[in-house]
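Scroll down for the structure; my scribbles are underneath it.
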Amino acid sequence: MSEPISRRKLITTGAVAAGAAGLAAAAMIVGAHIPPDHRGIYGIEETLTYASQRALTAHSEAREFTRADISAVAPVNGEPPANDDYRRHLAADFADWRLIVDGLVERPASLSLADLRGFPSRSQITHQACEEGWSFIAEWTGVPISYVLDHVGVRPGAKCVAVFAFDKKYDSIDMEDAHHRQSLLAYAMNGAPLPTRHGAPLRLKIPRQLGFKSKKYLVRMSVTDTMKDIGNGQGANGLDHGYAWYGGI
Ligand SMILES: Nc1nc2c(c(=O)[nH]1)N[C@H]1C(S)=C(S)[C@@H](COP(=O)(O)O)O[C@H]1N2
Ligand SMILES: [Mo]
């Protein structure tokens, strides 16, 4: 007589089967959406978060609001850069400031604020959420990153776009986010030039990720095929302090 299958065994077998199916599904999703330099740096959890978000929200846009929704108070995270270089540019109203655009590009560029303001612009009223628990809605105006990338001509093999700031912070986004129509190099906030504390003269606005990815006080943007070339080799200084590289929302 064959032994009746116990309830426990049924449950365990079911759970293992479901687990295996789940893993197989996850592997399929991950296979289709592997974050740049996934080889171990970011670990399985972040890889799964990135992969499932990419699968679910590919090409989706952050919600946009109306002027009536703009927050009366816009909190700030981080003090303005405390170095002489920044103070000098601030005092000169950023007249000599340039955004260096280099790396895997056909035509490296050095762009003034006037150059950037002369490019096609986009304005968007979006929500910025900080991982510390506060958020606000503001209007941001700037040049789509994709326009600047086309302007300099991205070379084959590019995998991510890194930015570097006056306060030595740096970060990077993948090409999908870099080409997203809401990903901006923003020079104005609520219709006025970017206030100092909000990142003058130029900041990223990546509304589909948490606030920490929208780096302020930019000096350089660089296209690369590996995060190992960026800063400490992990693509973002935040990883030194326990932040995830991908902050998708
Ligand atoms: N260069 C630089 N960019 C930065 C920061 C910073 O300290 N330095 N703080 C980040 C964090 S954690 C958030 S939430 C947003 C805050 O933007 P805000 O100060 O305009 O509200 O900027 C991000 N960009
Ligand atoms: Mo933040």
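Please note that chains go A, B, ... in the order of the structure tokens, that every chain numbers its residues from 1, and that ligands are numbered from 1 in the order shown.
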
Can you work out which residues are within 8 Å of ligand 1, considering only C-alpha atoms and all ligand atoms, and then hand them over as a PyMOL selection string? chain A and resi 74-81+128-132+135-136+164-170+197-199+203-204+210-218

Can you tell me which residues surround stretch 187-189 of chain A at a distance of at most 7 Å, considering only C-alpha atoms, apart from same-chain residues fewer than 3 positions away, and format the answer as a list in words? Ala138, Glu139, Trp140, Thr141, Gly142, Ala192, Pro193, Leu194, Pro201, Leu202 and Arg203 of chain A

Same residues, N, CA and C atoms, output as a PDB file, in the first residue's frame:
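Writing done, so here's part.pdb:
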```
ATOM      1  N   ALA A 138       6.740  70.746  -7.342  1.00  0.00           N
ATOM      2  CA  ALA A 138       7.281  71.991  -7.907  1.00  0.00           C
ATOM      3  C   ALA A 138       7.336  71.872  -9.420  1.00  0.00           C
ATOM      4  N   GLU A 139       7.456  73.041 -10.036  1.00  0.00           N
ATOM      5  CA  GLU A 139       7.633  73.053 -11.493  1.00  0.00           C
ATOM      6  C   GLU A 139       9.130  73.157 -11.806  1.00  0.00           C
ATOM      7  N   TRP A 140       9.568  72.302 -12.688  1.00  0.00           N
ATOM      8  CA  TRP A 140      10.978  72.286 -13.070  1.00  0.00           C
ATOM      9  C   TRP A 140      11.078  72.531 -14.567  1.00  0.00           C
ATOM     10  N   THR A 141      12.047  73.366 -14.949  1.00  0.00           N
ATOM     11  CA  THR A 141      12.260  73.629 -16.373  1.00  0.00           C
ATOM     12  C   THR A 141      13.711  73.342 -16.706  1.00  0.00           C
ATOM     13  N   GLY A 142      13.914  72.683 -17.817  1.00  0.00           N
ATOM     14  CA  GLY A 142      15.280  72.388 -18.221  1.00  0.00           C
ATOM     15  C   GLY A 142      15.322  71.718 -19.580  1.00  0.00           C
ATOM     16  N   ALA A 192      11.571  80.465 -11.887  1.00  0.00           N
ATOM     17  CA  ALA A 192      12.722  81.338 -11.606  1.00  0.00           C
ATOM     18  C   ALA A 192      13.995  80.493 -11.710  1.00  0.00           C
ATOM     19  N   PRO A 193      15.162  81.169 -11.939  1.00  0.00           N
ATOM     20  CA  PRO A 193      16.406  80.386 -11.974  1.00  0.00           C
ATOM     21  C   PRO A 193      16.514  79.537 -10.713  1.00  0.00           C
ATOM     22  N   LEU A 194      17.115  78.384 -10.835  1.00  0.00           N
ATOM     23  CA  LEU A 194      17.228  77.441  -9.719  1.00  0.00           C
ATOM     24  C   LEU A 194      17.780  78.155  -8.477  1.00  0.00           C
ATOM     25  N   PRO A 201      23.869  75.923 -10.434  1.00  0.00           N
ATOM     26  CA  PRO A 201      23.056  76.434 -11.540  1.00  0.00           C
ATOM     27  C   PRO A 201      22.235  75.351 -12.266  1.00  0.00           C
ATOM     28  N   LEU A 202      22.555  74.086 -12.020  1.00  0.00           N
ATOM     29  CA  LEU A 202      21.935  73.034 -12.834  1.00  0.00           C
ATOM     30  C   LEU A 202      21.839  71.759 -12.016  1.00  0.00           C
ATOM     31  N   ARG A 203      20.704  71.079 -12.129  1.00  0.00           N
ATOM     32  CA  ARG A 203      20.523  69.822 -11.394  1.00  0.00           C
ATOM     33  C   ARG A 203      19.827  68.805 -12.268  1.00  0.00           C
TER      34      ARG A 203
END
```

Going by DSSP on the backbone, which residues of stretch 50-241 of chain A come out as strand (DSSP E)? List them as a PyMOL selection string. chain A and resi 99-103+109-111+122-129+135-144+160-165+170-174+184-189+192-193+203-205+218-224

Which one of A:His89, A:Gly235, A:Val152, A:Tyr50 sits closest to A:Pro108 if you count only C-alpha atoms? A:Val152

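Of note, atom CA of A:Ser60 and atom CA of A:Ala178 are spaced 13.7 Å apart.
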
Residue list (alpha helix (DSSP H), DSSP) for stretch 2-221 of chain A, as a ChimeraX atom specification: /A:7-32,43-57,84-91,113-118,145-152,175-178

Output the selection as an mmCIF file, in the first residue's frame - C-alpha atoms for each residue.
```
data_model
loop_
_atom_site.group_PDB
_atom_site.id
_atom_site.type_symbol
_atom_site.label_atom_id
_atom_site.label_comp_id
_atom_site.auth_asym_id
_atom_site.auth_seq_id
_atom_site.Cartn_x
_atom_site.Cartn_y
_atom_site.Cartn_z
ATOM 1 C CA ARG A 7 -0.855 17.302 4.271
ATOM 2 C CA ARG A 8 2.498 18.716 5.293
ATOM 3 C CA LYS A 9 4.211 17.113 2.315
ATOM 4 C CA LEU A 10 1.534 18.487 -0.012
ATOM 5 C CA ILE A 11 1.990 21.948 1.370
ATOM 6 C CA THR A 12 5.775 21.741 1.183
ATOM 7 C CA THR A 13 5.695 20.392 -2.361
ATOM 8 C CA GLY A 14 3.240 23.108 -3.362
ATOM 9 C CA ALA A 15 5.350 25.796 -1.782
ATOM 10 C CA VAL A 16 8.492 24.520 -3.476
ATOM 11 C CA ALA A 17 6.690 24.393 -6.826
ATOM 12 C CA ALA A 18 5.305 27.895 -6.348
ATOM 13 C CA GLY A 19 8.722 29.073 -5.224
ATOM 14 C CA ALA A 20 10.353 27.529 -8.253
ATOM 15 C CA ALA A 21 7.764 29.062 -10.562
ATOM 16 C CA GLY A 22 8.299 32.422 -8.872
ATOM 17 C CA LEU A 23 12.045 32.150 -9.245
ATOM 18 C CA ALA A 24 11.709 31.127 -12.877
ATOM 19 C CA ALA A 25 9.469 34.144 -13.505
ATOM 20 C CA ALA A 26 11.882 36.394 -11.655
ATOM 21 C CA ALA A 27 14.796 35.008 -13.667
ATOM 22 C CA MET A 28 12.910 35.754 -16.889
ATOM 23 C CA ILE A 29 12.171 39.307 -15.822
ATOM 24 C CA VAL A 30 15.720 39.839 -14.614
ATOM 25 C CA GLY A 31 17.098 38.421 -17.849
ATOM 26 C CA ALA A 32 15.183 41.008 -19.818
ATOM 27 C CA GLY A 43 23.024 42.114 -5.155
ATOM 28 C CA ILE A 44 19.950 40.066 -5.876
ATOM 29 C CA GLU A 45 17.457 42.281 -4.028
ATOM 30 C CA GLU A 46 18.230 45.426 -5.943
ATOM 31 C CA THR A 47 18.485 43.483 -9.188
ATOM 32 C CA LEU A 48 14.974 42.117 -8.597
ATOM 33 C CA THR A 49 13.593 45.550 -7.666
ATOM 34 C CA TYR A 50 15.130 47.104 -10.745
ATOM 35 C CA ALA A 51 14.043 44.262 -13.005
ATOM 36 C CA SER A 52 10.444 44.123 -11.816
ATOM 37 C CA GLN A 53 10.076 47.913 -11.939
ATOM 38 C CA ARG A 54 11.508 48.016 -15.424
ATOM 39 C CA ALA A 55 9.144 45.210 -16.510
ATOM 40 C CA LEU A 56 6.088 46.878 -14.973
ATOM 41 C CA THR A 57 6.777 50.525 -15.675
ATOM 42 C CA ASP A 84 35.688 78.213 -2.874
ATOM 43 C CA ASP A 85 35.113 77.002 -6.398
ATOM 44 C CA TYR A 86 31.341 76.958 -5.881
ATOM 45 C CA ARG A 87 31.319 80.275 -3.976
ATOM 46 C CA ARG A 88 33.246 81.944 -6.783
ATOM 47 C CA HIS A 89 30.804 80.722 -9.436
ATOM 48 C CA LEU A 90 27.826 81.695 -7.274
ATOM 49 C CA ALA A 91 29.222 85.214 -6.779
ATOM 50 C CA LEU A 113 23.929 78.265 -19.003
ATOM 51 C CA ALA A 114 23.127 80.331 -22.099
ATOM 52 C CA ASP A 115 23.817 77.282 -24.303
ATOM 53 C CA LEU A 116 21.523 75.133 -22.158
ATOM 54 C CA ARG A 117 18.781 77.780 -22.089
ATOM 55 C CA GLY A 118 19.027 77.980 -25.863
ATOM 56 C CA ILE A 145 18.960 64.862 -21.027
ATOM 57 C CA SER A 146 18.200 63.012 -24.260
ATOM 58 C CA TYR A 147 18.542 66.283 -26.219
ATOM 59 C CA VAL A 148 22.017 66.906 -24.808
ATOM 60 C CA LEU A 149 22.971 63.282 -25.487
ATOM 61 C CA ASP A 150 21.896 63.663 -29.109
ATOM 62 C CA HIS A 151 23.757 66.972 -29.289
ATOM 63 C CA VAL A 152 27.052 65.307 -28.304
ATOM 64 C CA MET A 175 20.304 54.849 -20.745
ATOM 65 C CA GLU A 176 16.582 54.164 -20.418
ATOM 66 C CA ASP A 177 16.203 56.764 -17.675
ATOM 67 C CA ALA A 178 18.608 59.106 -19.460
#
```

Atom CA of A:Gly238 and atom CA of A:Met221, how far apart in Å?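 Going from atom CA of A:Met221 over to atom CA of A:Gly238, I get 17.2 Å.
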
One decimal, in Å: what's the spacing between atom CA of A:Pro120 and atom CA of A:Val143? 6.3 Å

Would you mind listing what lies within 9 Å of A:Glu106 as a list in words, with only C-alpha atoms counted and same-chain residues fewer than 2 positions away left out? Asp102, Gly103, Leu104, Pro108, Val152, Gly153, Val154 and Arg155 of chain A

Close residues, A:Lys205 itself excluded, 7 Å, only C-alpha atoms, min 6 positions apart in chain, as an MDAnalysis selection string: chainID A and resid 183:186 214

Restrict the selected residues to C-alpha atoms and save them as a CSV table (one decimal), in the first residue's frame.
```csv
chain,number,residue,atom,x,y,z
A,183,SER,CA,14.6,63.3,-17.2
A,184,LEU,CA,15.9,66.8,-17.3
A,185,LEU,CA,18.9,68.9,-16.7
A,186,ALA,CA,16.9,71.6,-14.9
A,214,SER,CA,18.2,64.2,-8.7
```

Of the candidates A:Gln209, A:Asn190, A:Ser121, A:Ser71, which one gets nearest to ligand 2 if we count only C-alpha atoms and all ligand atoms?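 Of all the options, A:Gln209 lies closest to ligand 2.
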
Given only C-alpha atoms and all ligand atoms as the counted atoms, nearest of A:His127, A:Ile249, A:Ala62, A:Trp134 to ligand 2: A:Trp134
